[in-house]
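Enquirer: Input structure: work-v1.cif, which contains mmCIF, C-alpha atoms, pLDDT in the B column; chains and numbers go by the auth columns.
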```cif
data_work
#
loop_
_atom_site.group_PDB
_atom_site.id
_atom_site.type_symbol
_atom_site.label_atom_id
_atom_site.label_comp_id
_atom_site.label_asym_id
_atom_site.label_seq_id
_atom_site.Cartn_x
_atom_site.Cartn_y
_atom_site.Cartn_z
_atom_site.B_iso_or_equiv
_atom_site.auth_seq_id
_atom_site.auth_asym_id
ATOM 1 C CA MET A 1 48.005 129.384 135.693 53.00 26 A
ATOM 2 C CA ARG A 2 50.108 131.830 133.883 54.00 27 A
ATOM 3 C CA LEU A 3 53.712 130.980 132.940 57.00 28 A
ATOM 4 C CA ARG A 4 56.321 133.457 133.867 58.00 29 A
ATOM 5 C CA GLN A 5 59.054 134.301 131.423 58.00 30 A
ATOM 6 C CA ASN A 6 62.398 135.081 132.874 58.00 31 A
ATOM 7 C CA ARG A 7 63.858 138.229 131.377 60.00 32 A
ATOM 8 C CA HIS A 8 67.330 136.679 131.356 62.00 33 A
ATOM 9 C CA GLU A 9 66.318 133.691 129.197 61.00 34 A
ATOM 10 C CA ARG A 10 66.742 134.378 125.528 69.00 35 A
ATOM 11 C CA GLY A 11 67.080 132.281 122.380 75.00 36 A
ATOM 12 C CA PHE A 12 69.597 132.693 119.622 78.00 37 A
ATOM 13 C CA SER A 13 69.363 135.744 117.450 86.00 38 A
ATOM 14 C CA LEU A 14 69.056 135.408 113.693 88.00 39 A
ATOM 15 C CA ILE A 15 72.619 136.696 113.223 91.00 40 A
ATOM 16 C CA GLU A 16 74.016 134.076 115.605 89.00 41 A
ATOM 17 C CA LEU A 17 72.194 131.320 113.717 91.00 42 A
ATOM 18 C CA MET A 18 73.470 132.632 110.377 94.00 43 A
ATOM 19 C CA ILE A 19 77.050 132.648 111.707 94.00 44 A
ATOM 20 C CA VAL A 20 76.710 129.025 112.853 94.00 45 A
ATOM 21 C CA ILE A 21 75.291 128.013 109.460 95.00 46 A
ATOM 22 C CA ALA A 22 78.150 129.847 107.686 95.00 47 A
ATOM 23 C CA ILE A 23 80.742 128.040 109.812 95.00 48 A
ATOM 24 C CA ILE A 24 79.127 124.674 109.049 94.00 49 A
ATOM 25 C CA GLY A 25 79.131 125.541 105.336 93.00 50 A
ATOM 26 C CA ILE A 26 82.841 126.388 105.437 92.00 51 A
ATOM 27 C CA LEU A 27 83.638 123.120 107.217 91.00 52 A
ATOM 28 C CA ILE A 28 81.674 121.155 104.634 90.00 53 A
ATOM 29 C CA GLY A 29 83.340 123.093 101.799 89.00 54 A
ATOM 30 C CA VAL A 30 86.778 122.154 103.095 87.00 55 A
ATOM 31 C CA GLY A 31 85.900 118.629 104.217 88.00 56 A
ATOM 32 C CA VAL A 32 84.183 117.233 101.137 87.00 57 A
ATOM 33 C CA PRO A 33 87.081 117.748 98.674 86.00 58 A
ATOM 34 C CA THR A 34 89.502 116.294 101.223 88.00 59 A
ATOM 35 C CA TRP A 35 87.216 113.314 101.754 90.00 60 A
ATOM 36 C CA ARG A 36 86.971 112.737 97.988 90.00 61 A
ATOM 37 C CA LEU A 37 90.774 112.903 97.699 91.00 62 A
ATOM 38 C CA MET A 38 91.127 110.256 100.414 93.00 63 A
ATOM 39 C CA VAL A 39 88.555 108.015 98.692 93.00 64 A
ATOM 40 C CA ARG A 40 90.394 108.396 95.368 94.00 65 A
ATOM 41 C CA ARG A 41 93.742 107.524 96.951 94.00 66 A
ATOM 42 C CA GLY A 42 92.149 104.552 98.684 96.00 67 A
ATOM 43 C CA ASN A 43 90.741 103.334 95.352 96.00 68 A
ATOM 44 C CA GLU A 44 94.182 103.659 93.722 96.00 69 A
ATOM 45 C CA THR A 45 95.820 101.710 96.547 96.00 70 A
ATOM 46 C CA ALA A 46 93.140 99.016 96.294 95.00 71 A
ATOM 47 C CA ALA A 47 93.757 98.780 92.519 96.00 72 A
ATOM 48 C CA ILE A 48 97.505 98.256 93.067 96.00 73 A
ATOM 49 C CA GLN A 49 96.792 95.558 95.667 95.00 74 A
ATOM 50 C CA THR A 50 94.312 93.877 93.310 94.00 75 A
ATOM 51 C CA ILE A 51 96.931 93.833 90.542 95.00 76 A
ATOM 52 C CA ASP A 52 99.372 92.141 92.948 94.00 77 A
ATOM 53 C CA THR A 53 96.707 89.581 93.866 92.00 78 A
ATOM 54 C CA ILE A 54 95.949 88.838 90.214 93.00 79 A
ATOM 55 C CA LYS A 55 99.701 88.486 89.476 95.00 80 A
ATOM 56 C CA LYS A 56 99.974 85.805 92.166 93.00 81 A
ATOM 57 C CA LEU A 57 96.808 84.053 91.055 93.00 82 A
ATOM 58 C CA GLU A 58 97.998 83.981 87.437 94.00 83 A
ATOM 59 C CA ALA A 59 101.363 82.502 88.496 94.00 84 A
ATOM 60 C CA ASP A 60 99.580 79.792 90.512 93.00 85 A
ATOM 61 C CA TYR A 61 97.147 79.144 87.664 93.00 86 A
ATOM 62 C CA ALA A 62 100.008 78.789 85.149 94.00 87 A
ATOM 63 C CA LEU A 63 101.742 76.225 87.390 93.00 88 A
ATOM 64 C CA GLY A 64 98.644 74.044 87.447 91.00 89 A
ATOM 65 C CA HIS A 65 97.660 74.500 83.781 92.00 90 A
ATOM 66 C CA ARG A 66 100.858 73.813 81.795 92.00 91 A
ATOM 67 C CA GLY A 67 101.904 77.425 81.488 92.00 92 A
ATOM 68 C CA GLU A 68 98.522 78.791 80.409 95.00 93 A
ATOM 69 C CA PHE A 69 97.077 81.874 82.088 95.00 94 A
ATOM 70 C CA GLY A 70 93.457 82.229 83.162 92.00 95 A
ATOM 71 C CA THR A 71 90.667 84.688 82.524 92.00 96 A
ATOM 72 C CA PHE A 72 88.839 86.317 85.432 91.00 97 A
ATOM 73 C CA ASP A 73 86.170 83.613 85.354 90.00 98 A
ATOM 74 C CA GLU A 74 88.821 80.868 85.381 91.00 99 A
ATOM 75 C CA LEU A 75 90.706 82.518 88.253 91.00 100 A
ATOM 76 C CA VAL A 76 87.485 82.874 90.265 89.00 101 A
ATOM 77 C CA LYS A 77 86.632 79.219 89.549 87.00 102 A
ATOM 78 C CA GLU A 78 90.030 78.145 90.907 83.00 103 A
ATOM 79 C CA GLY A 79 89.049 79.779 94.211 76.00 104 A
ATOM 80 C CA GLY A 80 92.257 81.699 94.729 69.00 105 A
ATOM 81 C CA GLY A 81 90.818 84.776 96.375 73.00 106 A
ATOM 82 C CA LEU A 82 88.959 86.767 93.730 77.00 107 A
ATOM 83 C CA ASP A 83 85.383 87.549 94.702 76.00 108 A
ATOM 84 C CA SER A 84 82.993 86.097 92.122 75.00 109 A
ATOM 85 C CA GLN A 85 80.557 88.987 92.665 77.00 110 A
ATOM 86 C CA ARG A 86 83.129 91.635 91.746 83.00 111 A
ATOM 87 C CA PHE A 87 85.421 89.778 89.334 83.00 112 A
ATOM 88 C CA GLY A 88 83.103 87.726 87.200 79.00 113 A
ATOM 89 C CA GLY A 89 82.923 88.564 83.498 80.00 114 A
ATOM 90 C CA GLU A 90 85.278 90.237 81.074 83.00 115 A
ATOM 91 C CA ARG A 91 85.557 93.771 82.529 90.00 116 A
ATOM 92 C CA PRO A 92 84.865 93.622 86.252 92.00 117 A
ATOM 93 C CA SER A 93 84.693 96.741 88.388 91.00 118 A
ATOM 94 C CA SER A 94 85.834 97.080 91.978 91.00 119 A
ATOM 95 C CA ASN A 95 86.547 100.091 94.213 92.00 120 A
ATOM 96 C CA GLY A 96 86.101 102.605 91.392 94.00 121 A
ATOM 97 C CA TYR A 97 88.368 100.771 88.919 96.00 122 A
ATOM 98 C CA ILE A 98 87.581 98.702 85.823 96.00 123 A
ATOM 99 C CA TYR A 99 89.909 95.754 85.196 96.00 124 A
ATOM 100 C CA THR A 100 90.725 94.388 81.752 96.00 125 A
ATOM 101 C CA LEU A 101 92.562 91.064 81.479 95.00 126 A
ATOM 102 C CA LYS A 102 93.643 89.931 78.011 96.00 127 A
ATOM 103 C CA VAL A 103 94.917 86.355 77.914 96.00 128 A
ATOM 104 C CA THR A 104 96.911 85.004 74.962 95.00 129 A
ATOM 105 C CA LYS A 105 96.954 81.204 74.794 94.00 130 A
ATOM 106 C CA LYS A 106 100.065 79.242 73.859 92.00 131 A
ATOM 107 C CA ALA A 107 100.718 78.789 70.158 91.00 132 A
ATOM 108 C CA PRO A 108 103.572 77.114 68.303 91.00 133 A
ATOM 109 C CA GLY A 109 106.662 79.194 68.983 90.00 134 A
ATOM 110 C CA GLN A 110 104.755 81.580 71.272 91.00 135 A
ATOM 111 C CA PRO A 111 104.352 81.207 75.031 92.00 136 A
ATOM 112 C CA ALA A 112 101.146 82.078 76.817 95.00 137 A
ATOM 113 C CA ASN A 113 100.880 85.675 78.010 96.00 138 A
ATOM 114 C CA TYR A 114 98.474 88.142 79.579 96.00 139 A
ATOM 115 C CA THR A 115 98.095 91.873 80.052 97.00 140 A
ATOM 116 C CA LEU A 116 96.192 93.507 82.880 97.00 141 A
ATOM 117 C CA ASN A 117 94.868 97.067 82.932 97.00 142 A
ATOM 118 C CA ALA A 118 93.168 98.840 85.805 97.00 143 A
ATOM 119 C CA ASP A 119 91.496 102.084 84.776 97.00 144 A
ATOM 120 C CA PRO A 120 89.382 104.440 86.900 97.00 145 A
ATOM 121 C CA GLU A 121 85.655 104.400 86.204 96.00 146 A
ATOM 122 C CA ILE A 122 85.751 108.222 86.337 93.00 147 A
ATOM 123 C CA SER A 123 89.174 109.833 85.927 89.00 148 A
ATOM 124 C CA GLU A 124 88.272 113.524 85.711 89.00 149 A
ATOM 125 C CA GLY A 125 86.414 116.004 87.850 85.00 150 A
ATOM 126 C CA VAL A 126 85.335 116.195 91.443 81.00 151 A
ATOM 127 C CA SER A 127 83.736 112.752 91.434 87.00 152 A
ATOM 128 C CA ALA A 128 86.836 110.982 90.029 92.00 153 A
ATOM 129 C CA THR A 129 87.251 107.447 91.375 94.00 154 A
ATOM 130 C CA GLY A 130 90.967 107.577 90.549 95.00 155 A
ATOM 131 C CA LYS A 131 93.463 109.583 88.518 94.00 156 A
ATOM 132 C CA ARG A 132 96.083 106.916 87.778 96.00 157 A
ATOM 133 C CA HIS A 133 95.797 104.147 85.183 97.00 158 A
ATOM 134 C CA PHE A 134 97.748 100.921 85.817 98.00 159 A
ATOM 135 C CA TYR A 135 99.213 98.178 83.613 97.00 160 A
ATOM 136 C CA TYR A 136 100.963 94.887 84.225 97.00 161 A
ATOM 137 C CA ASP A 137 102.207 91.926 82.210 95.00 162 A
ATOM 138 C CA PRO A 138 104.495 89.028 83.230 95.00 163 A
ATOM 139 C CA SER A 139 107.529 90.513 81.448 94.00 164 A
ATOM 140 C CA LEU A 140 107.599 93.426 83.915 94.00 165 A
ATOM 141 C CA ALA A 141 109.127 93.487 87.383 90.00 166 A
ATOM 142 C CA THR A 142 106.521 95.974 88.610 93.00 167 A
ATOM 143 C CA ALA A 143 103.251 97.471 87.423 96.00 168 A
ATOM 144 C CA ARG A 144 103.261 100.656 85.345 97.00 169 A
ATOM 145 C CA GLU A 145 101.206 103.826 85.754 96.00 170 A
ATOM 146 C CA ASN A 146 100.005 106.721 83.645 96.00 171 A
ATOM 147 C CA THR A 147 97.988 109.705 84.847 94.00 172 A
ATOM 148 C CA ASP A 148 96.666 110.771 81.438 93.00 173 A
ATOM 149 C CA GLN A 149 95.559 107.633 79.597 95.00 174 A
ATOM 150 C CA PRO A 150 95.448 103.841 79.935 95.00 175 A
ATOM 151 C CA ALA A 151 98.921 102.673 80.926 96.00 176 A
ATOM 152 C CA THR A 152 101.173 100.460 78.804 96.00 177 A
ATOM 153 C CA ALA A 153 104.441 98.572 79.301 95.00 178 A
ATOM 154 C CA SER A 154 106.408 101.662 78.225 96.00 179 A
ATOM 155 C CA ASP A 155 105.056 103.844 81.064 96.00 180 A
ATOM 156 C CA PRO A 156 107.115 104.408 84.221 96.00 181 A
ATOM 157 C CA PRO A 157 106.865 101.983 87.145 95.00 182 A
ATOM 158 C CA ILE A 158 104.490 102.835 89.985 93.00 183 A
ATOM 159 C CA GLY A 159 105.969 105.455 92.283 81.00 184 A
ATOM 160 C CA GLN A 160 108.545 106.939 89.908 73.00 185 A
#
```
Please re-express this file's structure in structure tokens.
Expert:
Amino acid sequence: MRLRQNRHERGFSLIELMIVIAIIGILIGVGVPTWRLMVRRGNETAAIQTIDTIKKLEADYALGHRGEFGTFDELVKEGGGLDSQRFGGERPSSNGYIYTLKVTKKAPGQPANYTLNADPEISEGVSATGKRHFYYDPSLATARENTDQPATASDPPIGQ
């Protein structure tokens, strides 16, 4: 039996396929940078929220430990909400940010203190996990930010 081909049935021409591929390429070219920007902003927001969480955990820890502040491992051990998988060790990483917590124990004439930095794992280029660096210590009302280098207490507050 011989199949009949209908003269009105046709496939796509090569030009039509090339146009479709070009349109898909343009959409990807526009979409990927926008997606990366949204991921970066999400990472920065997560870092700010993590700093707020650590601030609260440090305040609770100090109440129960005679004014001393805790390291990441001590805060995780207290069970206050830090994930042991992500925040164990000295420089944990979460959501594209590396956190550094420096705790100063009480000494005669010197109260306990801590400083907290959150710095992007990659701060430059297309694959940046964040552009802003954050800093907090208990003497500040709000965290600080710097877009060029690790933030310090002298940098402007977040959002200014």
Enquirer: To one decimal place in Å, what is the distance between atom CA of A:Ile123 and atom CA of A:Arg111?
Expert: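 Between atom CA of A:Ile123 and atom CA of A:Arg111 the gap is 10.2 Å.
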Enquirer: Write out as a ChimeraX atom specification each polymer residue whose atoms come within 6 Å of stretch 154-165 of chain A, counting all atoms listed in the file; drop sequence neighbours fewer than 3 positions from it.
Expert: /A:65,69,121,139-145,147-148,168-172,175-177
Enquirer: Could those residues be written to a file, using C-alpha atoms, as a tab-separated table (two decimals), in the frame of the given file?
Expert:
```
chain	number	residue	atom	x	y	z
A	65	ARG	CA	90.39	108.40	95.37
A	69	GLU	CA	94.18	103.66	93.72
A	121	GLY	CA	86.10	102.60	91.39
A	139	TYR	CA	98.47	88.14	79.58
A	140	THR	CA	98.10	91.87	80.05
A	141	LEU	CA	96.19	93.51	82.88
A	142	ASN	CA	94.87	97.07	82.93
A	143	ALA	CA	93.17	98.84	85.80
A	144	ASP	CA	91.50	102.08	84.78
A	145	PRO	CA	89.38	104.44	86.90
A	147	ILE	CA	85.75	108.22	86.34
A	148	SER	CA	89.17	109.83	85.93
A	168	ALA	CA	103.25	97.47	87.42
A	169	ARG	CA	103.26	100.66	85.34
A	170	GLU	CA	101.21	103.83	85.75
A	171	ASN	CA	100.00	106.72	83.64
A	172	THR	CA	97.99	109.70	84.85
A	175	PRO	CA	95.45	103.84	79.94
A	176	ALA	CA	98.92	102.67	80.93
A	177	THR	CA	101.17	100.46	78.80
```
Enquirer: Atom CA of A:Ile73 and atom CA of A:Arg91 are how many Å apart?
Expert: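 These two atoms are separated by 27.1 Å.
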Enquirer: Considering all atoms listed in the file, can you say which of A:Gly92, A:Pro117, A:Gly104, A:Gly67 comes closest to A:Asn138?
Expert: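 Closest to A:Asn138, using all atoms listed in the file: A:Gly92.
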Enquirer: So that I can see what lies close to A:Phe97, please list as a short mmCIF file (atom, residue, chain, number, x, y, z; two decimals) with C-alpha atoms, in the frame of the given file the residues with an atom at most 8 Å from it, counting all atoms listed in the file and leaving out residues fewer than 2 positions away in the same chain.
Expert:
```cif
data_model
loop_
_atom_site.label_atom_id
_atom_site.label_comp_id
_atom_site.auth_asym_id
_atom_site.auth_seq_id
_atom_site.Cartn_x
_atom_site.Cartn_y
_atom_site.Cartn_z
CA GLY A 95 93.46 82.23 83.16
CA GLU A 99 88.82 80.87 85.38
CA LEU A 100 90.71 82.52 88.25
CA VAL A 101 87.48 82.87 90.26
CA PHE A 112 85.42 89.78 89.33
CA GLY A 113 83.10 87.73 87.20
CA GLY A 114 82.92 88.56 83.50
CA GLU A 115 85.28 90.24 81.07
CA LEU A 126 92.56 91.06 81.48
#
```
Enquirer: Residues at most 8 Å from A:Lys130, counting all atoms listed in the file, excluding those fewer than 4 positions away in the same chain, as a VMD selection string?
Expert: chain A and resid 93 to 94 136 to 138
Enquirer: What separation in Å, quoted to one decimal, exists between atom CA of A:Thr78 and atom CA of A:Thr167?
Expert: 12.8 Å
Enquirer: Edge lengths and centre in Å to one decimal, as JSON, of the axis-aligned box that encloses all listed atoms of stretch 121-140 of chain A with 5 Å added on every side?
Expert:
```
{"center_x": 96.4, "center_y": 89.9, "center_z": 79.8, "size_x": 30.6, "size_y": 35.5, "size_z": 33.1}
```
Enquirer: Can you work out which one of A:Ile53, A:Gly106, A:Phe37, A:Arg61 has the shortest atom-to-atom distance to A:Gly150, counting all atoms listed in the file?
Expert: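 Nearest to A:Gly150: A:Arg61.
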Enquirer: I need stretch 48-157 of chain A from the structure I supplied, saved as a PDB file, in the first residue's frame with C-alpha atoms retained.
Expert:
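File part02.pdb, as written:
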```
ATOM      1  CA  ILE A  48      13.973  34.173  19.500  1.00  0.00           C
ATOM      2  CA  ILE A  49      14.746  31.522  22.125  1.00  0.00           C
ATOM      3  CA  GLY A  50      18.354  32.748  22.267  1.00  0.00           C
ATOM      4  CA  ILE A  51      17.216  36.338  22.828  1.00  0.00           C
ATOM      5  CA  LEU A  52      14.858  35.257  25.613  1.00  0.00           C
ATOM      6  CA  ILE A  53      17.638  33.307  27.304  1.00  0.00           C
ATOM      7  CA  GLY A  54      20.044  36.238  26.869  1.00  0.00           C
ATOM      8  CA  VAL A  55      17.629  38.563  28.641  1.00  0.00           C
ATOM      9  CA  GLY A  56      16.378  36.057  31.211  1.00  0.00           C
ATOM     10  CA  VAL A  57      19.625  34.676  32.603  1.00  0.00           C
ATOM     11  CA  PRO A  58      21.108  38.007  33.803  1.00  0.00           C
ATOM     12  CA  THR A  59      17.762  38.935  35.357  1.00  0.00           C
ATOM     13  CA  TRP A  60      17.578  35.556  37.073  1.00  0.00           C
ATOM     14  CA  ARG A  61      21.120  35.971  38.433  1.00  0.00           C
ATOM     15  CA  LEU A  62      20.230  39.447  39.737  1.00  0.00           C
ATOM     16  CA  MET A  63      17.213  38.020  41.572  1.00  0.00           C
ATOM     17  CA  VAL A  64      19.337  35.221  43.076  1.00  0.00           C
ATOM     18  CA  ARG A  65      21.941  37.766  44.224  1.00  0.00           C
ATOM     19  CA  ARG A  66      19.293  39.974  45.831  1.00  0.00           C
ATOM     20  CA  GLY A  67      17.763  36.929  47.494  1.00  0.00           C
ATOM     21  CA  ASN A  68      21.175  35.953  48.901  1.00  0.00           C
ATOM     22  CA  GLU A  69      21.679  39.489  50.262  1.00  0.00           C
ATOM     23  CA  THR A  70      18.252  39.456  51.909  1.00  0.00           C
ATOM     24  CA  ALA A  71      18.967  36.034  53.418  1.00  0.00           C
ATOM     25  CA  ALA A  72      22.294  37.351  54.788  1.00  0.00           C
ATOM     26  CA  ILE A  73      20.541  40.296  56.484  1.00  0.00           C
ATOM     27  CA  GLN A  74      17.958  37.937  58.006  1.00  0.00           C
ATOM     28  CA  THR A  75      20.725  35.601  59.198  1.00  0.00           C
ATOM     29  CA  ILE A  76      22.508  38.524  60.873  1.00  0.00           C
ATOM     30  CA  ASP A  77      19.258  39.401  62.685  1.00  0.00           C
ATOM     31  CA  THR A  78      18.883  35.776  63.789  1.00  0.00           C
ATOM     32  CA  ILE A  79      22.457  35.645  65.085  1.00  0.00           C
ATOM     33  CA  LYS A  80      21.936  38.963  66.946  1.00  0.00           C
ATOM     34  CA  LYS A  81      18.963  37.457  68.788  1.00  0.00           C
ATOM     35  CA  LEU A  82      20.761  34.201  69.487  1.00  0.00           C
ATOM     36  CA  GLU A  83      23.785  36.053  70.879  1.00  0.00           C
ATOM     37  CA  ALA A  84      21.543  38.143  73.167  1.00  0.00           C
ATOM     38  CA  ASP A  85      19.841  34.977  74.456  1.00  0.00           C
ATOM     39  CA  TYR A  86      23.192  33.228  74.859  1.00  0.00           C
ATOM     40  CA  ALA A  87      24.620  36.174  76.839  1.00  0.00           C
ATOM     41  CA  LEU A  88      21.630  36.103  79.217  1.00  0.00           C
ATOM     42  CA  GLY A  89      22.252  32.456  80.037  1.00  0.00           C
ATOM     43  CA  HIS A  90      26.068  32.632  80.177  1.00  0.00           C
ATOM     44  CA  ARG A  91      26.848  35.612  82.447  1.00  0.00           C
ATOM     45  CA  GLY A  92      27.293  38.115  79.658  1.00  0.00           C
ATOM     46  CA  GLU A  93      29.543  35.967  77.470  1.00  0.00           C
ATOM     47  CA  PHE A  94      28.824  35.600  73.760  1.00  0.00           C
ATOM     48  CA  GLY A  95      28.988  32.322  71.860  1.00  0.00           C
ATOM     49  CA  THR A  96      30.785  31.049  68.796  1.00  0.00           C
ATOM     50  CA  PHE A  97      28.835  29.453  65.950  1.00  0.00           C
ATOM     51  CA  ASP A  98      29.381  25.996  67.428  1.00  0.00           C
ATOM     52  CA  GLU A  99      28.164  27.167  70.851  1.00  0.00           C
ATOM     53  CA  LEU A 100      25.093  28.849  69.342  1.00  0.00           C
ATOM     54  CA  VAL A 101      24.252  25.703  67.355  1.00  0.00           C
ATOM     55  CA  LYS A 102      24.704  23.589  70.505  1.00  0.00           C
ATOM     56  CA  GLU A 103      22.225  25.809  72.368  1.00  0.00           C
ATOM     57  CA  GLY A 104      19.640  24.867  69.728  1.00  0.00           C
ATOM     58  CA  GLY A 105      18.409  28.368  69.039  1.00  0.00           C
ATOM     59  CA  GLY A 106      17.718  28.013  65.347  1.00  0.00           C
ATOM     60  CA  LEU A 107      21.050  27.826  63.536  1.00  0.00           C
ATOM     61  CA  ASP A 108      21.354  24.788  61.295  1.00  0.00           C
ATOM     62  CA  SER A 109      24.333  22.679  62.370  1.00  0.00           C
ATOM     63  CA  GLN A 110      24.965  21.625  58.753  1.00  0.00           C
ATOM     64  CA  ARG A 111      25.381  25.205  57.537  1.00  0.00           C
ATOM     65  CA  PHE A 112      26.689  26.998  60.634  1.00  0.00           C
ATOM     66  CA  GLY A 113      29.146  24.597  62.163  1.00  0.00           C
ATOM     67  CA  GLY A 114      32.797  25.647  62.260  1.00  0.00           C
ATOM     68  CA  GLU A 115      34.567  28.976  62.212  1.00  0.00           C
ATOM     69  CA  ARG A 116      33.581  30.365  58.780  1.00  0.00           C
ATOM     70  CA  PRO A 117      30.274  28.833  57.741  1.00  0.00           C
ATOM     71  CA  SER A 118      28.733  29.494  54.349  1.00  0.00           C
ATOM     72  CA  SER A 119      25.045  29.807  53.571  1.00  0.00           C
ATOM     73  CA  ASN A 120      23.121  31.176  50.572  1.00  0.00           C
ATOM     74  CA  GLY A 121      26.249  32.490  48.850  1.00  0.00           C
ATOM     75  CA  TYR A 122      27.625  34.286  51.932  1.00  0.00           C
ATOM     76  CA  ILE A 123      30.508  33.445  54.271  1.00  0.00           C
ATOM     77  CA  TYR A 124      29.981  34.400  57.919  1.00  0.00           C
ATOM     78  CA  THR A 125      32.785  35.341  60.295  1.00  0.00           C
ATOM     79  CA  LEU A 126      32.027  35.626  64.015  1.00  0.00           C
ATOM     80  CA  LYS A 127      34.802  36.902  66.284  1.00  0.00           C
ATOM     81  CA  VAL A 128      34.021  36.546  69.983  1.00  0.00           C
ATOM     82  CA  THR A 129      35.997  38.415  72.651  1.00  0.00           C
ATOM     83  CA  LYS A 130      35.636  36.900  76.121  1.00  0.00           C
ATOM     84  CA  LYS A 131      35.285  39.027  79.245  1.00  0.00           C
ATOM     85  CA  ALA A 132      38.503  40.267  80.804  1.00  0.00           C
ATOM     86  CA  PRO A 133      39.137  42.501  83.805  1.00  0.00           C
ATOM     87  CA  GLY A 134      37.812  45.928  82.890  1.00  0.00           C
ATOM     88  CA  GLN A 135      36.569  44.723  79.488  1.00  0.00           C
ATOM     89  CA  PRO A 136      33.109  43.343  78.747  1.00  0.00           C
ATOM     90  CA  ALA A 137      32.543  40.479  76.358  1.00  0.00           C
ATOM     91  CA  ASN A 138      31.983  41.476  72.736  1.00  0.00           C
ATOM     92  CA  TYR A 139      31.584  40.032  69.258  1.00  0.00           C
ATOM     93  CA  THR A 140      31.753  41.153  65.652  1.00  0.00           C
ATOM     94  CA  LEU A 141      29.903  39.511  62.793  1.00  0.00           C
ATOM     95  CA  ASN A 142      30.741  39.828  59.102  1.00  0.00           C
ATOM     96  CA  ALA A 143      28.802  38.412  56.180  1.00  0.00           C
ATOM     97  CA  ASP A 144      30.724  38.541  52.914  1.00  0.00           C
ATOM     98  CA  PRO A 145      29.697  37.180  49.504  1.00  0.00           C
ATOM     99  CA  GLU A 146      31.508  34.052  48.359  1.00  0.00           C
ATOM    100  CA  ILE A 147      31.862  35.706  44.927  1.00  0.00           C
ATOM    101  CA  SER A 148      31.395  39.481  44.825  1.00  0.00           C
ATOM    102  CA  GLU A 149      32.371  40.285  41.235  1.00  0.00           C
ATOM    103  CA  GLY A 150      31.267  39.197  37.804  1.00  0.00           C
ATOM    104  CA  VAL A 151      28.249  37.498  36.351  1.00  0.00           C
ATOM    105  CA  SER A 152      28.297  34.654  38.866  1.00  0.00           C
ATOM    106  CA  ALA A 153      28.417  36.960  41.929  1.00  0.00           C
ATOM    107  CA  THR A 154      26.551  35.532  44.922  1.00  0.00           C
ATOM    108  CA  GLY A 155      26.188  39.041  46.360  1.00  0.00           C
ATOM    109  CA  LYS A 156      27.589  42.543  45.967  1.00  0.00           C
ATOM    110  CA  ARG A 157      27.113  43.898  49.497  1.00  0.00           C
TER     111      ARG A 157
END
```
